[in-house]
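Student: Just passing along the structure, written as structure tokens.
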Amino acid sequence: MDKYTSTTTLGDSARCRTIFTASGSSFTTDLDCSQGGLGENPVPAAMLAAAAASCMLSMIAFKGKQRGFETKGICISAGVEHDANGISALLFDIHVPMPQTEETKRLLESCVKSCPVGKAISENVEKRFSWHWTTWMD
């Protein structure tokens, strides 16, 4: 496996385009307009929160399959808080739209807290979790 999995190129107005080596899939980020960016695409901090949420859901899916409980439809809304030093907190609002036992609730919470992406983020960045254990429909 190649040690580099993606290439990111800087374009005009601080717009960055990332292409993944294996698949060719890509995404684009902008700086916020207040920072001189175009503000048309997600900012990197939002992508960080989204990547952590995706990792958490992947861990949940893995454990669910391994232990034989339903995980499809679990949803995480992710956000970022900033202070003068940069990112101060990542926010995760987690909706579990199916009944769970106390044991599976603990297992889901453990999956979220043990996701490798979240663990790689500095401990100086607070991670806040809000769980919703009822049926949730948008």
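A note on labels: chains of the structure tokens are A, B, ... as shown, every chain counts residues from 1, and ligands are counted from 1 in their shown order.
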Please list as a PyMOL selection string every residue within 12 Å of Gly39 in chain A, counting only C-alpha atoms and excluding residues in the same chain fewer than 6 positions away.

Tutor: chain A and resi 13-16+28-33

Student: Write out as number ranges by chain the residues lying within 6 Å of range 75-80 of chain A, counting only C-alpha atoms and excluding same-chain residues fewer than 5 positions away.

Tutor: A: 49-50, 89-95

Student: For range 124-136 of chain A, list every protein, DNA or RNA residue within 12 Å, evaluated using only C-alpha atoms, and leave out those in the same chain fewer than 2 positions away; present the list as a ChimeraX atom specification.

Tutor: /A:45,48-49,52-53,56,73-83,85-102,104-106,108-110,112-113,117-122,138

Student: Could you work out how far CA of Gly36 in chain A lies from CA of Gly11 in chain A, giving the answer in Å with one decimal?

Tutor: 13.2 Å
